[in-house]
>>> print(open('my_file30.cif').read())   # mmCIF, C-alpha atoms
data_protein
loop_
_atom_site.label_atom_id
_atom_site.label_comp_id
_atom_site.auth_asym_id
_atom_site.auth_seq_id
_atom_site.Cartn_x
_atom_site.Cartn_y
_atom_site.Cartn_z
CA MET A 1 -20.09 15.26 1.58
CA SER A 2 -21.38 13.30 4.56
CA SER A 3 -20.31 14.20 8.10
CA TYR A 4 -18.12 11.08 8.12
CA GLN A 5 -16.36 12.11 4.91
CA ILE A 6 -15.71 15.60 6.30
CA GLN A 7 -14.38 14.19 9.58
CA LYS A 8 -12.25 11.68 7.71
CA ARG A 9 -10.72 14.34 5.47
CA ILE A 10 -9.88 16.51 8.48
CA LEU A 11 -8.33 13.48 10.20
CA ASP A 12 -6.32 12.69 7.06
CA LEU A 13 -4.91 16.21 6.76
CA VAL A 14 -4.06 16.52 10.46
CA VAL A 15 -2.41 13.09 10.77
CA ALA A 16 -0.58 13.20 7.41
CA SER A 17 0.76 16.71 8.03
CA GLY A 18 1.78 15.83 11.56
CA LEU A 19 3.62 12.69 10.45
CA MET A 20 5.42 14.53 7.66
CA ILE A 21 6.74 17.00 10.22
CA ALA A 22 7.45 14.42 12.93
CA PHE A 23 9.49 12.26 10.57
CA LEU A 24 11.23 15.16 8.84
CA PRO A 25 14.73 13.64 9.34
CA PHE A 26 13.70 10.59 7.31
CA TRP A 27 12.95 12.78 4.28
CA PHE A 28 16.65 13.66 4.20
CA LEU A 29 18.28 10.48 5.55
CA VAL A 30 16.44 7.83 3.52
CA PRO A 31 17.08 9.43 0.09
CA LEU A 32 20.77 9.76 0.96
CA LEU A 33 20.96 6.08 1.96
CA ILE A 34 19.20 5.00 -1.25
CA LEU A 35 21.54 7.14 -3.37
CA PHE A 36 24.56 5.75 -1.54
CA GLU A 37 23.46 2.13 -1.98
CA SER A 38 22.15 2.07 -5.54
CA GLY A 39 21.93 5.58 -6.95
CA PRO A 40 18.82 7.33 -8.31
CA PRO A 41 15.88 7.26 -8.49
CA VAL A 42 15.00 7.75 -4.83
CA PHE A 43 11.26 7.45 -5.31
CA PHE A 44 9.19 4.72 -6.94
CA LYS A 45 5.77 5.45 -8.39
CA HIS A 46 3.21 2.87 -9.38
CA LYS A 47 -0.24 3.23 -10.93
CA ARG A 48 -3.01 2.06 -8.60
CA VAL A 49 -6.81 2.03 -8.55
CA GLY A 50 -8.42 4.63 -6.31
CA LYS A 51 -11.92 5.69 -5.34
CA ASN A 52 -14.52 5.08 -8.05
CA ALA A 53 -11.89 3.09 -10.01
CA LYS A 54 -9.96 6.29 -10.82
CA SER A 55 -6.25 5.62 -11.39
CA PHE A 56 -3.51 7.52 -9.58
CA TYR A 57 0.22 7.20 -8.97
CA LEU A 58 1.17 5.89 -5.54
CA TYR A 59 4.60 6.98 -4.25
CA LYS A 60 7.14 5.07 -2.18
CA PHE A 61 10.80 5.25 -1.32
CA ARG A 62 12.46 2.85 -3.76
CA SER A 63 13.16 -0.44 -1.98
CA MET A 64 13.92 -2.60 -5.02
CA VAL A 65 16.60 -2.71 -7.67
CA LYS A 66 16.17 -0.41 -10.66
CA GLY A 67 13.78 -1.78 -13.28
CA ALA A 68 12.13 -4.16 -10.80
CA ASP A 69 8.81 -4.15 -12.69
CA ARG A 70 10.54 -4.87 -15.98
CA ILE A 71 12.46 -7.76 -14.42
CA LEU A 72 9.23 -9.25 -13.08
CA HIS A 73 7.01 -8.86 -16.12
CA GLU A 74 9.47 -9.10 -19.00
CA GLU A 75 12.65 -10.89 -17.95
CA ASP A 76 11.95 -13.53 -15.29
CA GLU A 77 9.07 -15.90 -16.08
CA GLU A 78 9.69 -18.05 -12.99
CA LEU A 79 9.55 -15.02 -10.70
CA LEU A 80 6.31 -13.87 -12.34
CA LYS A 81 4.84 -17.34 -11.81
CA GLN A 82 5.75 -17.20 -8.11
CA PHE A 83 4.27 -13.70 -7.93
CA LYS A 84 0.88 -14.73 -9.29
CA GLU A 85 0.73 -18.02 -7.38
CA GLY A 86 1.51 -16.15 -4.16
CA ASP A 87 -1.51 -13.81 -4.49
CA TRP A 88 0.64 -11.07 -6.09
CA LYS A 89 3.37 -11.38 -3.46
CA ILE A 90 6.80 -13.03 -3.48
CA ALA A 91 8.38 -14.45 -0.35
CA ASN A 92 12.01 -13.35 -0.10
CA ASP A 93 11.74 -11.29 -3.28
CA PRO A 94 15.28 -11.17 -4.79
CA ARG A 95 14.62 -7.72 -6.27
CA ILE A 96 14.52 -6.07 -2.83
CA THR A 97 17.76 -4.32 -1.88
CA LYS A 98 19.44 -4.72 1.51
CA LEU A 99 18.34 -1.23 2.50
CA GLY A 100 14.91 -1.94 1.06
CA LYS A 101 14.43 -4.86 3.43
CA ALA A 102 15.05 -2.57 6.40
CA LEU A 103 12.76 0.14 5.00
CA ARG A 104 9.98 -2.36 4.40
CA SER A 105 10.32 -4.04 7.77
CA LEU A 106 9.42 -0.73 9.44
CA THR A 107 7.13 0.43 6.60
CA ILE A 108 9.37 3.46 6.09
CA ASP A 109 9.23 2.88 2.33
CA GLU A 110 5.56 3.92 2.43
CA PHE A 111 6.15 7.36 3.98
CA PRO A 112 5.83 9.19 0.60
CA GLN A 113 2.21 8.03 0.46
CA LEU A 114 1.53 10.78 2.97
CA TRP A 115 1.73 13.09 -0.04
CA ASN A 116 -0.97 10.98 -1.74
CA VAL A 117 -3.11 11.58 1.35
CA ILE A 118 -2.50 15.34 1.31
CA LYS A 119 -3.49 15.39 -2.38
CA GLY A 120 -6.73 13.55 -1.57
CA GLU A 121 -5.91 10.45 -3.63
CA MET A 122 -5.59 8.23 -0.55
CA SER A 123 -6.70 8.23 3.05
CA MET A 124 -4.73 7.39 6.17
CA VAL A 125 -7.11 4.45 6.69
CA GLY A 126 -8.76 2.43 3.95
CA PRO A 127 -8.61 -0.65 1.72
CA ARG A 128 -5.40 -1.70 0.00
CA ALA A 129 -4.40 0.43 -3.01
CA TYR A 130 -4.76 -2.32 -5.60
CA VAL A 131 -3.15 -2.59 -9.02
CA LYS A 132 -5.83 -2.80 -11.74
CA LYS A 133 -4.40 -5.98 -13.24
CA GLU A 134 -4.20 -7.51 -9.76
CA LEU A 135 -7.92 -6.96 -9.20
CA ILE A 136 -8.80 -8.38 -12.61
CA ASP A 137 -6.62 -11.46 -12.17
CA GLN A 138 -7.61 -12.12 -8.57
CA VAL A 139 -11.35 -11.78 -9.21
CA LYS A 140 -10.99 -14.16 -12.15
CA ARG A 141 -9.14 -16.59 -9.89
CA TYR A 142 -11.55 -16.12 -6.97
CA PRO A 143 -14.99 -15.32 -8.51
CA GLU A 144 -16.59 -15.14 -5.07
CA THR A 145 -14.73 -11.86 -4.43
CA LYS A 146 -16.41 -9.99 -7.31
CA GLN A 147 -19.25 -8.99 -4.99
CA TYR A 148 -16.80 -7.00 -2.85
CA LEU A 149 -15.37 -4.79 -5.62
CA PRO A 150 -18.10 -2.09 -5.67
CA LEU A 151 -17.64 -1.51 -1.94
CA ILE A 152 -13.83 -1.58 -2.07
CA LEU A 153 -13.79 0.98 -4.88
CA SER A 154 -16.39 3.22 -3.21
CA VAL A 155 -13.78 4.65 -0.81
CA LYS A 156 -10.22 5.93 -1.02
CA PRO A 157 -7.46 3.37 -0.50
CA GLY A 158 -5.50 3.78 2.72
CA ILE A 159 -1.92 3.75 3.93
CA THR A 160 -3.12 1.52 6.74
CA GLY A 161 -6.31 -0.41 7.34
CA VAL A 162 -7.90 -3.58 8.63
CA TRP A 163 -5.73 -6.08 6.77
CA GLN A 164 -2.56 -4.08 7.34
CA THR A 165 -3.06 -4.34 11.10
CA SER A 166 -4.21 -7.96 11.03
CA GLY A 167 -1.44 -9.97 9.45
CA ARG A 168 -0.65 -8.14 6.19
CA ASN A 169 0.97 -10.47 3.64
CA GLU A 170 -0.16 -13.59 5.47
CA ILE A 171 -3.81 -12.82 4.68
CA PRO A 172 -5.07 -14.36 1.39
CA PHE A 173 -6.84 -12.19 -1.19
CA THR A 174 -10.26 -13.74 -0.54
CA GLN A 175 -10.14 -12.73 3.12
CA ARG A 176 -8.48 -9.38 2.41
CA ALA A 177 -11.16 -8.40 -0.11
CA GLN A 178 -13.91 -9.24 2.37
CA MET A 179 -12.16 -7.25 5.12
CA ASP A 180 -11.77 -4.24 2.82
CA ALA A 181 -15.43 -4.38 1.82
CA GLU A 182 -16.59 -4.62 5.43
CA TYR A 183 -14.40 -1.63 6.31
CA ALA A 184 -15.94 0.41 3.47
CA GLN A 185 -19.42 -0.33 4.84
CA LYS A 186 -18.57 0.62 8.42
CA LYS A 187 -17.94 4.37 7.93
CA SER A 188 -16.87 5.04 11.52
CA ILE A 189 -14.35 7.75 12.39
CA LEU A 190 -13.76 6.10 15.78
CA TYR A 191 -12.89 2.86 14.01
CA ASP A 192 -10.45 4.77 11.77
CA ILE A 193 -8.77 6.22 14.85
CA LYS A 194 -8.61 2.76 16.44
CA LEU A 195 -6.86 1.38 13.34
CA LEU A 196 -4.42 4.30 13.31
CA PHE A 197 -3.42 3.55 16.90
CA ALA A 198 -3.03 -0.16 16.05
CA THR A 199 -0.68 0.59 13.15
CA PRO A 200 2.60 1.27 15.06
CA GLN A 201 2.37 -2.10 16.83
CA ALA A 202 1.71 -3.83 13.49
CA MET A 203 4.75 -2.09 12.00
CA LEU A 204 7.05 -3.04 14.89
CA SER A 205 5.81 -6.65 14.92
CA LYS A 206 7.51 -7.13 11.54
CA TRP A 207 10.92 -6.16 12.93
#
>>> encode(input="my_file30.cif", output="structure tokens")
Amino acid sequence: MSSYQIQKRILDLVVASGLMIAFLPFWFLVPLLILFESGPPVFFKHKRVGKNAKSFYLYKFRSMVKGADRILHEEDEELLKQFKEGDWKIANDPRITKLGKALRSLTIDEFPQLWNVIKGEMSMVGPRAYVKKELIDQVKRYPETKQYLPLILSVKPGITGVWQTSGRNEIPFTQRAQMDAEYAQKKSILYDIKLLFATPQAMLSKW
């Protein structure tokens, strides 16, 4: 491992562990609120592409109705069309619960990804954790982004990163892919720390 990789892993473990402890009340409160609103399951897991194109399950607090993936891909063709035309995003997604909107607005739904960081599947800072089909479809739609894939997949995906602190869903895939690739090339622990400090403001700006 390079000195940067060692420093980054230490940073990941310290920050992830610290946040898990600091936000301990949320680990009890949020599951209770989800159960009260819509019942189990509390957590949502989704297969994503990690470092070196290795798949892993990303965890979140469930913010959508049960069977949200099935509704999108099997039951609602119009919603799926909107999803693909919107660069794999849906404005005012009807599948999001009332509680889910609040959780997402403060990024609380992503807290369980701290466990992905502890396990070494993700980093605190890195490119977006892409869905395999998303990458395939988007590269087909925007061929100019194919050049960025090797760099994006050369590092662990992150809970936060350049695009997450620079506009999030408003940034198109073409720009996001370039930003992720440039981040992967940078390999600067100081830059990682800078992005970590920029994250709370980005979270609150959505509220």
>>> residues_around(input="my_file30.cif", residues="Phe23 in chain A", least_positions_apart="4", cutoff="10 Å", atoms="all atoms listed in the file", output="list in words")
Gly18, Leu19, Trp27, Phe28, Ile108 and Phe111 of chain A
>>> residues_around(input="my_file30.cif", residues="range 30-39 of chain A", least_positions_apart="2", cutoff="10 Å", atoms="only C-alpha atoms", output="list in words")
Pro25, Phe26, Trp27, Phe28, Pro41, Val42, Phe43, Phe61, Arg62, Ser63, Met64, Val65, Lys66, Thr97, Lys98, Leu99, Gly100, Leu103, Ile108 and Asp109 of chain A
>>> atom_distance(input="my_file30.cif", atom1="CA of Leu114 in chain A", atom2="CA of Leu24 in chain A")
12.2 Å
>>> residues_around(input="my_file30.cif", residues="range 86-96 of chain A", least_positions_apart="4", cutoff="9 Å", atoms="only C-alpha atoms", output="list in words")
Ser63, Met64, Val65, Lys66, Ala68, Ile71, Leu72, Leu79, Leu80, Lys81, Gln82, Gly100, Lys101, Glu134, Gln138, Asn169, Pro172 and Phe173 of chain A
>>> atom_distance(input="my_file30.cif", atom1="CA of Gly126 in chain A", atom2="CA of Ile159 in chain A")
7.0 Å
>>> atom_distance(input="my_file30.cif", atom1="CA of Arg9 in chain A", atom2="CA of Leu153 in chain A")
17.2 Å
>>> resolve_selection(input="my_file30.cif", expression="the PyMOL selection byres ((chain A and resi 59) around 6)", output="MDAnalysis selection string")
chainID A and resid 44:45 58 60 112:113
>>> resolve_selection(input="my_file30.cif", expression="the PyMOL selection byres ((chain A and resi 133) around 12)", output="CSV table (one decimal) with C-alpha atoms, in the coordinates of the input")
chain,number,residue,atom,x,y,z
A,47,LYS,CA,-0.2,3.2,-10.9
A,48,ARG,CA,-3.0,2.1,-8.6
A,49,VAL,CA,-6.8,2.0,-8.6
A,55,SER,CA,-6.2,5.6,-11.4
A,84,LYS,CA,0.9,-14.7,-9.3
A,88,TRP,CA,0.6,-11.1,-6.1
A,130,TYR,CA,-4.8,-2.3,-5.6
A,131,VAL,CA,-3.2,-2.6,-9.0
A,132,LYS,CA,-5.8,-2.8,-11.7
A,134,GLU,CA,-4.2,-7.5,-9.8
A,135,LEU,CA,-7.9,-7.0,-9.2
A,136,ILE,CA,-8.8,-8.4,-12.6
A,137,ASP,CA,-6.6,-11.5,-12.2
A,138,GLN,CA,-7.6,-12.1,-8.6
A,139,VAL,CA,-11.4,-11.8,-9.2
A,140,LYS,CA,-11.0,-14.2,-12.2
>>> resolve_selection(input="my_file30.cif", expression="the PyMOL selection byres ((chain A and resi 193) around 12)", output="PDB file with C-alpha atoms, in the frame of the given file")
ATOM      1  CA  GLN A   7     -14.380  14.190   9.580  1.00  0.00           C
ATOM      2  CA  LYS A   8     -12.250  11.680   7.710  1.00  0.00           C
ATOM      3  CA  LEU A  11      -8.330  13.480  10.200  1.00  0.00           C
ATOM      4  CA  ASP A  12      -6.320  12.690   7.060  1.00  0.00           C
ATOM      5  CA  VAL A  15      -2.410  13.090  10.770  1.00  0.00           C
ATOM      6  CA  MET A 124      -4.730   7.390   6.170  1.00  0.00           C
ATOM      7  CA  VAL A 125      -7.110   4.450   6.690  1.00  0.00           C
ATOM      8  CA  GLY A 126      -8.760   2.430   3.950  1.00  0.00           C
ATOM      9  CA  THR A 160      -3.120   1.520   6.740  1.00  0.00           C
ATOM     10  CA  GLY A 161      -6.310  -0.410   7.340  1.00  0.00           C
ATOM     11  CA  VAL A 162      -7.900  -3.580   8.630  1.00  0.00           C
ATOM     12  CA  LYS A 187     -17.940   4.370   7.930  1.00  0.00           C
ATOM     13  CA  SER A 188     -16.870   5.040  11.520  1.00  0.00           C
ATOM     14  CA  ILE A 189     -14.350   7.750  12.390  1.00  0.00           C
ATOM     15  CA  LEU A 190     -13.760   6.100  15.780  1.00  0.00           C
ATOM     16  CA  TYR A 191     -12.890   2.860  14.010  1.00  0.00           C
ATOM     17  CA  ASP A 192     -10.450   4.770  11.770  1.00  0.00           C
ATOM     18  CA  LYS A 194      -8.610   2.760  16.440  1.00  0.00           C
ATOM     19  CA  LEU A 195      -6.860   1.380  13.340  1.00  0.00           C
ATOM     20  CA  LEU A 196      -4.420   4.300  13.310  1.00  0.00           C
ATOM     21  CA  PHE A 197      -3.420   3.550  16.900  1.00  0.00           C
ATOM     22  CA  ALA A 198      -3.030  -0.160  16.050  1.00  0.00           C
ATOM     23  CA  THR A 199      -0.680   0.590  13.150  1.00  0.00           C
TER      24      THR A 199
END
>>> residues_around(input="my_file30.cif", residues="Gln147 in chain A", least_positions_apart="6", cutoff="10 Å", atoms="all atoms listed in the file", output="JSON, numbers by chain")
{"A": [139, 177, 178, 181]}
>>> closest_residue(input="my_file30.cif", among="A:Ile118, A:Ile171, A:Met1, A:Ala184", to="Ile152 in chain A", atoms="only C-alpha atoms")
A:Ala184
>>> axis_aligned_box(input="my_file30.cif", around="range 89-94 of chain A", padding_each_side="5 Å", output="lines of an AutoDock Vina configuration file")
center_x = 9.3
center_y = -12.8
center_z = -2.4
size_x = 21.9
size_y = 13.3
size_z = 14.7
>>> closest_residue(input="my_file30.cif", among="A:Val117, A:Ala16, A:Ile10, A:Val155", to="Ala53 in chain A", atoms="all atoms listed in the file")
A:Val155
>>> closest_residue(input="my_file30.cif", among="A:Ala22, A:Ile6, A:Val14, A:Met203", to="Leu106 in chain A", atoms="only C-alpha atoms")
A:Met203
>>> closest_residue(input="my_file30.cif", among="A:Thr174, A:Ser123, A:Arg70, A:Gly50", to="Pro150 in chain A", atoms="all atoms listed in the file")
A:Gly50
>>> closest_residue(input="my_file30.cif", among="A:Met20, A:Ala202, A:Ala102, A:Leu29", to="Thr165 in chain A", atoms="only C-alpha atoms")
A:Ala202
>>> closest_residue(input="my_file30.cif", among="A:Glu77, A:Asp69, A:Glu170, A:Glu121", to="Asn52 in chain A", atoms="only C-alpha atoms")
A:Glu121
>>> residues_around(input="my_file30.cif", residues="Gln175 in chain A", least_positions_apart="4", cutoff="9 Å", atoms="only C-alpha atoms", output="PDB file with C-alpha atoms, keeping the file's coordinate frame")
ATOM      1  CA  THR A 145     -14.730 -11.860  -4.430  1.00  0.00           C
ATOM      2  CA  TRP A 163      -5.730  -6.080   6.770  1.00  0.00           C
ATOM      3  CA  ILE A 171      -3.810 -12.820   4.680  1.00  0.00           C
ATOM      4  CA  MET A 179     -12.160  -7.250   5.120  1.00  0.00           C
ATOM      5  CA  ASP A 180     -11.770  -4.240   2.820  1.00  0.00           C
TER       6      ASP A 180
END
>>> build_atoms(input="my_file30.cif", residues="range 175-186 of chain A", atoms="all heavy atoms", output="compact mmCIF listing (two decimals), in the frame of the given file")
# COMPACT_ATOMS: atom_id res chain seq x y z
N GLN A 175 -9.84 -13.31 1.81
CA GLN A 175 -10.14 -12.73 3.12
C GLN A 175 -9.90 -11.23 3.13
O GLN A 175 -10.65 -10.46 3.73
CB GLN A 175 -9.28 -13.41 4.20
CG GLN A 175 -9.59 -12.94 5.62
CD GLN A 175 -8.70 -13.62 6.64
OE1 GLN A 175 -7.97 -14.56 6.33
NE2 GLN A 175 -8.76 -13.14 7.88
N ARG A 176 -8.84 -10.81 2.45
CA ARG A 176 -8.48 -9.38 2.41
C ARG A 176 -9.58 -8.57 1.72
O ARG A 176 -9.95 -7.50 2.18
CB ARG A 176 -7.15 -9.21 1.68
CG ARG A 176 -6.57 -7.81 1.79
CD ARG A 176 -5.12 -7.82 1.35
NE ARG A 176 -4.98 -7.98 -0.08
CZ ARG A 176 -4.18 -8.85 -0.67
NH1 ARG A 176 -3.46 -9.69 0.06
NH2 ARG A 176 -4.08 -8.91 -1.99
N ALA A 177 -10.10 -9.09 0.61
CA ALA A 177 -11.16 -8.40 -0.11
C ALA A 177 -12.41 -8.25 0.76
O ALA A 177 -13.05 -7.19 0.78
CB ALA A 177 -11.50 -9.15 -1.39
N GLN A 178 -12.74 -9.30 1.49
CA GLN A 178 -13.91 -9.24 2.37
C GLN A 178 -13.68 -8.21 3.49
O GLN A 178 -14.58 -7.43 3.82
CB GLN A 178 -14.18 -10.62 2.98
CG GLN A 178 -15.41 -10.63 3.88
CD GLN A 178 -15.71 -12.03 4.43
OE1 GLN A 178 -15.02 -12.99 4.12
NE2 GLN A 178 -16.75 -12.13 5.23
N MET A 179 -12.47 -8.20 4.06
CA MET A 179 -12.16 -7.25 5.12
C MET A 179 -12.23 -5.81 4.61
O MET A 179 -12.76 -4.92 5.29
CB MET A 179 -10.75 -7.54 5.67
CG MET A 179 -10.64 -8.86 6.40
SD MET A 179 -8.93 -9.36 6.72
CE MET A 179 -8.49 -8.25 8.04
N ASP A 180 -11.72 -5.58 3.40
CA ASP A 180 -11.77 -4.24 2.82
C ASP A 180 -13.20 -3.79 2.57
O ASP A 180 -13.56 -2.63 2.80
CB ASP A 180 -10.98 -4.20 1.51
CG ASP A 180 -9.47 -4.15 1.71
OD1 ASP A 180 -9.03 -3.82 2.83
OD2 ASP A 180 -8.73 -4.45 0.75
N ALA A 181 -14.03 -4.71 2.09
CA ALA A 181 -15.43 -4.38 1.82
C ALA A 181 -16.19 -4.07 3.11
O ALA A 181 -16.98 -3.12 3.17
CB ALA A 181 -16.11 -5.54 1.08
N GLU A 182 -15.94 -4.86 4.14
CA GLU A 182 -16.59 -4.62 5.43
C GLU A 182 -16.16 -3.28 6.01
O GLU A 182 -16.97 -2.57 6.62
CB GLU A 182 -16.27 -5.76 6.39
CG GLU A 182 -16.95 -7.07 6.01
CD GLU A 182 -16.51 -8.25 6.88
OE1 GLU A 182 -15.52 -8.07 7.65
OE2 GLU A 182 -17.13 -9.32 6.77
N TYR A 183 -14.87 -2.93 5.83
CA TYR A 183 -14.40 -1.63 6.31
C TYR A 183 -15.16 -0.51 5.59
O TYR A 183 -15.60 0.46 6.21
CB TYR A 183 -12.91 -1.46 6.07
CG TYR A 183 -12.49 -0.02 6.23
CD1 TYR A 183 -12.26 0.52 7.50
CD2 TYR A 183 -12.39 0.82 5.12
CE1 TYR A 183 -11.96 1.86 7.65
CE2 TYR A 183 -12.08 2.16 5.27
CZ TYR A 183 -11.86 2.67 6.54
OH TYR A 183 -11.56 4.01 6.69
N ALA A 184 -15.29 -0.64 4.26
CA ALA A 184 -15.94 0.41 3.47
C ALA A 184 -17.39 0.62 3.91
O ALA A 184 -17.91 1.74 3.82
CB ALA A 184 -15.89 0.05 1.99
N GLN A 185 -18.04 -0.42 4.38
CA GLN A 185 -19.42 -0.33 4.84
C GLN A 185 -19.53 0.33 6.21
O GLN A 185 -20.54 0.97 6.51
CB GLN A 185 -20.05 -1.72 4.91
CG GLN A 185 -20.51 -2.28 3.59
CD GLN A 185 -21.22 -3.61 3.76
OE1 GLN A 185 -20.68 -4.53 4.38
NE2 GLN A 185 -22.43 -3.72 3.23
N LYS A 186 -18.49 0.20 7.02
CA LYS A 186 -18.57 0.62 8.42
C LYS A 186 -18.72 2.13 8.58
O LYS A 186 -19.53 2.62 9.36
CB LYS A 186 -17.34 0.12 9.18
CG LYS A 186 -17.51 0.17 10.69
CD LYS A 186 -16.29 -0.42 11.37
CE LYS A 186 -16.23 -1.93 11.22
NZ LYS A 186 -17.21 -2.59 12.11
